[in-house]
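Undergrad: Please see the structure below; I have some questions.
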Amino acid sequence: MIKVWLPVSLLIASVYAHAAPVLVNVIDGDTVIIRDNTLTYHLRLLDIDAPERQQAFGIQSRRNLKQLCEHTSIAVQLQGRDLYGRTLGHLYCNNTDASQSQIALGMAWFNARYSKRLELDTLQRQAQQQGLGLWQDAQPIPPWQWRKLYGQYYRRQE
(Lines give C-alpha, C1' and ligand atoms only; values in the text may rest on other atoms or scores of the structure.)
Protein backbone atom coordinates (compact mmCIF):
# COMPACT_ATOMS: atom_id res chain seq x y z
CA MET A 1 0.00 0.00 0.00
CA ILE A 2 2.84 2.43 0.74
CA LYS A 3 4.24 1.90 -2.76
CA VAL A 4 0.93 3.04 -4.29
CA TRP A 5 0.50 6.12 -2.09
CA LEU A 6 4.08 7.35 -2.24
CA PRO A 7 4.05 8.24 -5.98
CA VAL A 8 0.61 9.84 -5.63
CA SER A 9 1.71 11.92 -2.64
CA LEU A 10 4.85 13.02 -4.51
CA LEU A 11 2.71 14.05 -7.48
CA ILE A 12 0.40 16.07 -5.25
CA ALA A 13 3.37 17.71 -3.53
CA SER A 14 4.92 18.68 -6.87
CA VAL A 15 1.65 20.27 -8.03
CA TYR A 16 1.48 22.39 -4.87
CA ALA A 17 5.20 23.24 -5.04
CA HIS A 18 4.66 25.20 -8.24
CA ALA A 19 2.96 28.38 -7.08
CA ALA A 20 0.56 30.14 -9.42
CA PRO A 21 1.83 33.34 -11.02
CA VAL A 22 1.11 36.52 -9.08
CA LEU A 23 0.37 39.99 -10.41
CA VAL A 24 2.92 42.31 -8.78
CA ASN A 25 1.99 45.58 -10.52
CA VAL A 26 0.12 47.04 -13.47
CA ILE A 27 2.40 49.42 -15.37
CA ASP A 28 -0.14 50.58 -17.95
CA GLY A 29 -3.04 49.19 -19.97
CA ASP A 30 -0.92 46.57 -21.76
CA THR A 31 2.05 45.88 -19.46
CA VAL A 32 2.17 44.18 -16.06
CA ILE A 33 4.79 42.79 -13.72
CA ILE A 34 4.41 39.08 -12.91
CA ARG A 35 6.12 36.95 -10.28
CA ASP A 36 6.18 33.25 -11.09
CA ASN A 37 8.01 31.28 -8.41
CA THR A 38 11.39 33.03 -8.16
CA LEU A 39 11.19 34.78 -11.55
CA THR A 40 9.81 38.32 -11.81
CA TYR A 41 9.29 39.87 -15.26
CA HIS A 42 7.43 42.53 -17.23
CA LEU A 43 4.74 41.00 -19.44
CA ARG A 44 3.66 42.91 -22.54
CA LEU A 45 0.15 41.76 -23.51
CA LEU A 46 -0.18 40.44 -27.03
CA ASP A 47 -2.74 41.68 -29.56
CA ILE A 48 -3.26 45.16 -28.10
CA ASP A 49 -1.67 48.58 -27.78
CA ALA A 50 -3.03 50.65 -24.91
CA PRO A 51 -2.73 54.42 -24.52
CA GLU A 52 0.41 55.58 -22.75
CA ARG A 53 -0.14 56.78 -19.18
CA GLN A 54 0.43 60.42 -20.21
CA GLN A 55 -1.94 60.05 -23.17
CA ALA A 56 -5.72 60.55 -23.13
CA PHE A 57 -7.35 57.47 -21.52
CA GLY A 58 -3.96 56.13 -20.41
CA ILE A 59 -4.83 56.32 -16.71
CA GLN A 60 -8.28 54.80 -17.30
CA SER A 61 -6.78 51.96 -19.34
CA ARG A 62 -4.28 51.14 -16.57
CA ARG A 63 -6.99 51.38 -13.91
CA ASN A 64 -9.28 49.06 -15.89
CA LEU A 65 -6.59 46.38 -16.29
CA LYS A 66 -5.72 46.69 -12.60
CA GLN A 67 -9.38 46.30 -11.60
CA LEU A 68 -9.73 43.23 -13.84
CA CYS A 69 -6.62 41.44 -12.61
CA GLU A 70 -5.73 42.63 -9.11
CA HIS A 71 -6.52 40.19 -6.28
CA THR A 72 -7.67 37.48 -8.70
CA SER A 73 -6.25 34.21 -9.91
CA ILE A 74 -4.15 34.78 -13.01
CA ALA A 75 -2.70 32.59 -15.72
CA VAL A 76 0.03 33.55 -18.14
CA GLN A 77 0.71 32.04 -21.55
CA LEU A 78 4.17 33.17 -22.66
CA GLN A 79 4.82 33.66 -26.36
CA GLY A 80 8.47 34.78 -26.50
CA ARG A 81 10.16 38.18 -26.70
CA ASP A 82 9.89 41.17 -28.99
CA LEU A 83 12.64 43.23 -30.63
CA TYR A 84 13.01 45.26 -27.41
CA GLY A 85 13.56 42.17 -25.26
CA ARG A 86 10.14 42.39 -23.57
CA THR A 87 8.40 39.16 -22.58
CA LEU A 88 5.23 38.74 -24.64
CA GLY A 89 2.18 36.72 -23.78
CA HIS A 90 -1.46 36.37 -22.90
CA LEU A 91 -2.79 37.23 -19.46
CA TYR A 92 -5.96 35.66 -18.08
CA CYS A 93 -7.57 37.07 -14.94
CA ASN A 94 -10.25 34.83 -13.44
CA ASN A 95 -10.29 33.06 -16.83
CA THR A 96 -10.91 36.35 -18.69
CA ASP A 97 -8.57 37.23 -21.55
CA ALA A 98 -7.18 40.61 -20.45
CA SER A 99 -6.38 41.76 -24.01
CA GLN A 100 -9.89 40.92 -25.17
CA SER A 101 -11.41 42.75 -22.19
CA GLN A 102 -9.31 45.87 -22.76
CA ILE A 103 -10.44 46.09 -26.39
CA ALA A 104 -14.11 45.34 -25.67
CA LEU A 105 -14.24 48.19 -23.14
CA GLY A 106 -12.45 50.67 -25.38
CA MET A 107 -9.29 50.69 -23.25
CA ALA A 108 -6.87 49.61 -26.00
CA TRP A 109 -6.48 49.32 -29.74
CA PHE A 110 -6.42 46.02 -31.56
CA ASN A 111 -2.85 45.68 -32.82
CA ALA A 112 -3.65 44.48 -36.34
CA ARG A 113 -0.02 44.87 -37.41
CA TYR A 114 1.11 42.05 -35.09
CA SER A 115 -2.05 40.04 -34.39
CA LYS A 116 -4.21 37.74 -36.47
CA ARG A 117 -7.05 37.50 -33.90
CA LEU A 118 -9.78 38.98 -36.05
CA GLU A 119 -12.40 38.60 -33.31
CA LEU A 120 -10.55 41.40 -31.51
CA ASP A 121 -11.00 43.66 -34.55
CA THR A 122 -14.75 42.96 -34.32
CA LEU A 123 -14.75 43.82 -30.61
CA GLN A 124 -12.93 47.07 -31.35
CA ARG A 125 -15.49 48.06 -33.98
CA GLN A 126 -18.28 47.37 -31.48
CA ALA A 127 -16.56 49.51 -28.82
CA GLN A 128 -16.14 52.29 -31.42
CA GLN A 129 -19.81 52.15 -32.41
CA GLN A 130 -20.85 52.31 -28.74
CA GLY A 131 -18.42 55.14 -27.96
CA LEU A 132 -16.76 53.21 -25.14
CA GLY A 133 -13.56 54.32 -23.43
CA LEU A 134 -11.07 56.00 -25.74
CA TRP A 135 -13.67 55.94 -28.51
CA GLN A 136 -15.46 58.78 -26.71
CA ASP A 137 -12.97 61.06 -28.46
CA ALA A 138 -13.93 61.97 -32.02
CA GLN A 139 -10.41 61.21 -33.29
CA PRO A 140 -8.34 59.37 -30.67
CA ILE A 141 -4.63 59.19 -31.41
CA PRO A 142 -3.33 55.60 -31.52
CA PRO A 143 -0.44 55.01 -29.10
CA TRP A 144 2.05 54.22 -31.87
CA GLN A 145 1.36 57.66 -33.41
CA TRP A 146 1.40 59.35 -30.00
CA ARG A 147 4.82 57.84 -29.21
CA LYS A 148 6.19 59.18 -32.52
CA LEU A 149 4.88 62.66 -31.71
CA TYR A 150 5.64 62.85 -27.99
CA GLY A 151 7.84 59.86 -27.14
CA GLN A 152 11.02 61.80 -26.45
CA TYR A 153 9.22 64.32 -24.25
CA TYR A 154 7.27 61.93 -22.04
CA ARG A 155 10.24 59.59 -21.46
CA ARG A 156 12.23 62.52 -20.00
CA GLN A 157 9.37 63.26 -17.59
CA GLU A 158 9.31 59.79 -15.96
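Labeling convention for the C-alpha coordinates: chains A, B, ... as they appear, residues from 1 per chain, ligands from 1 in order of appearance.
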Write out as a ChimeraX atom specification the set of residues from chain A that DSSP, computed on the backbone, places in strand (DSSP E or B).
TA: /A:22-28,31-36,39-45,48-49,74-81,87-93,96-97,109-110
Undergrad: For Asn95 (chain A), work out the shell of residues within 10 Å, counting only C-alpha atoms and skipping chain neighbours fewer than 6 positions away, then give it as a list of chain:residue names.
TA: A:Thr72, A:Ser73, A:Ile74, A:Ala75
Undergrad: What's around region 103-113 of chain A at 12 Å? Count only C-alpha atoms, leave out sequence neighbours fewer than 4 positions away in its own chain, and write the answer as an MDAnalysis selection string.
TA: chainID A and resid 28:31 45:53 55:66 68 96:99 117:137 140:144
Undergrad: Would you mind listing what lies within 12 Å of region 37-44 of chain A as a PyMOL selection string, with only C-alpha atoms counted and same-chain residues fewer than 6 positions away left out?
TA: chain A and resi 16-31+50+75-82+84-91+98-99
Undergrad: As a list of chain:residue names, please: every residue in region 13-116 of chain A that a backbone DSSP assignment puts in helix (DSSP H, G or I).
TA: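 Those in region 13-116 of chain A that DSSP calls helix (DSSP H, G or I) are A:Ala13, A:Ser14, A:Val15, A:Tyr16, A:Ala17, A:Gly58, A:Ile59, A:Gln60, A:Ser61, A:Arg62, A:Arg63, A:Asn64, A:Leu65, A:Lys66, A:Gln67, A:Leu68, A:Cys69, A:Ala98, A:Ser99, A:Gln100, A:Ser101, A:Gln102, A:Ile103, A:Ala104.
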Undergrad: Would you work out the distance separating CA of His71 (chain A) from CA of Cys93 (chain A), expressed in Å to one decimal?
TA: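 Going from CA of His71 (chain A) over to CA of Cys93 (chain A) covers 9.3 Å.
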Undergrad: Please, what distance in Å, to one decimal, runs between CA of Val32 (chain A) and CA of Gln139 (chain A)?
TA: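 Calculated distance between CA of Val32 (chain A) and CA of Gln139 (chain A) is 27.3 Å.
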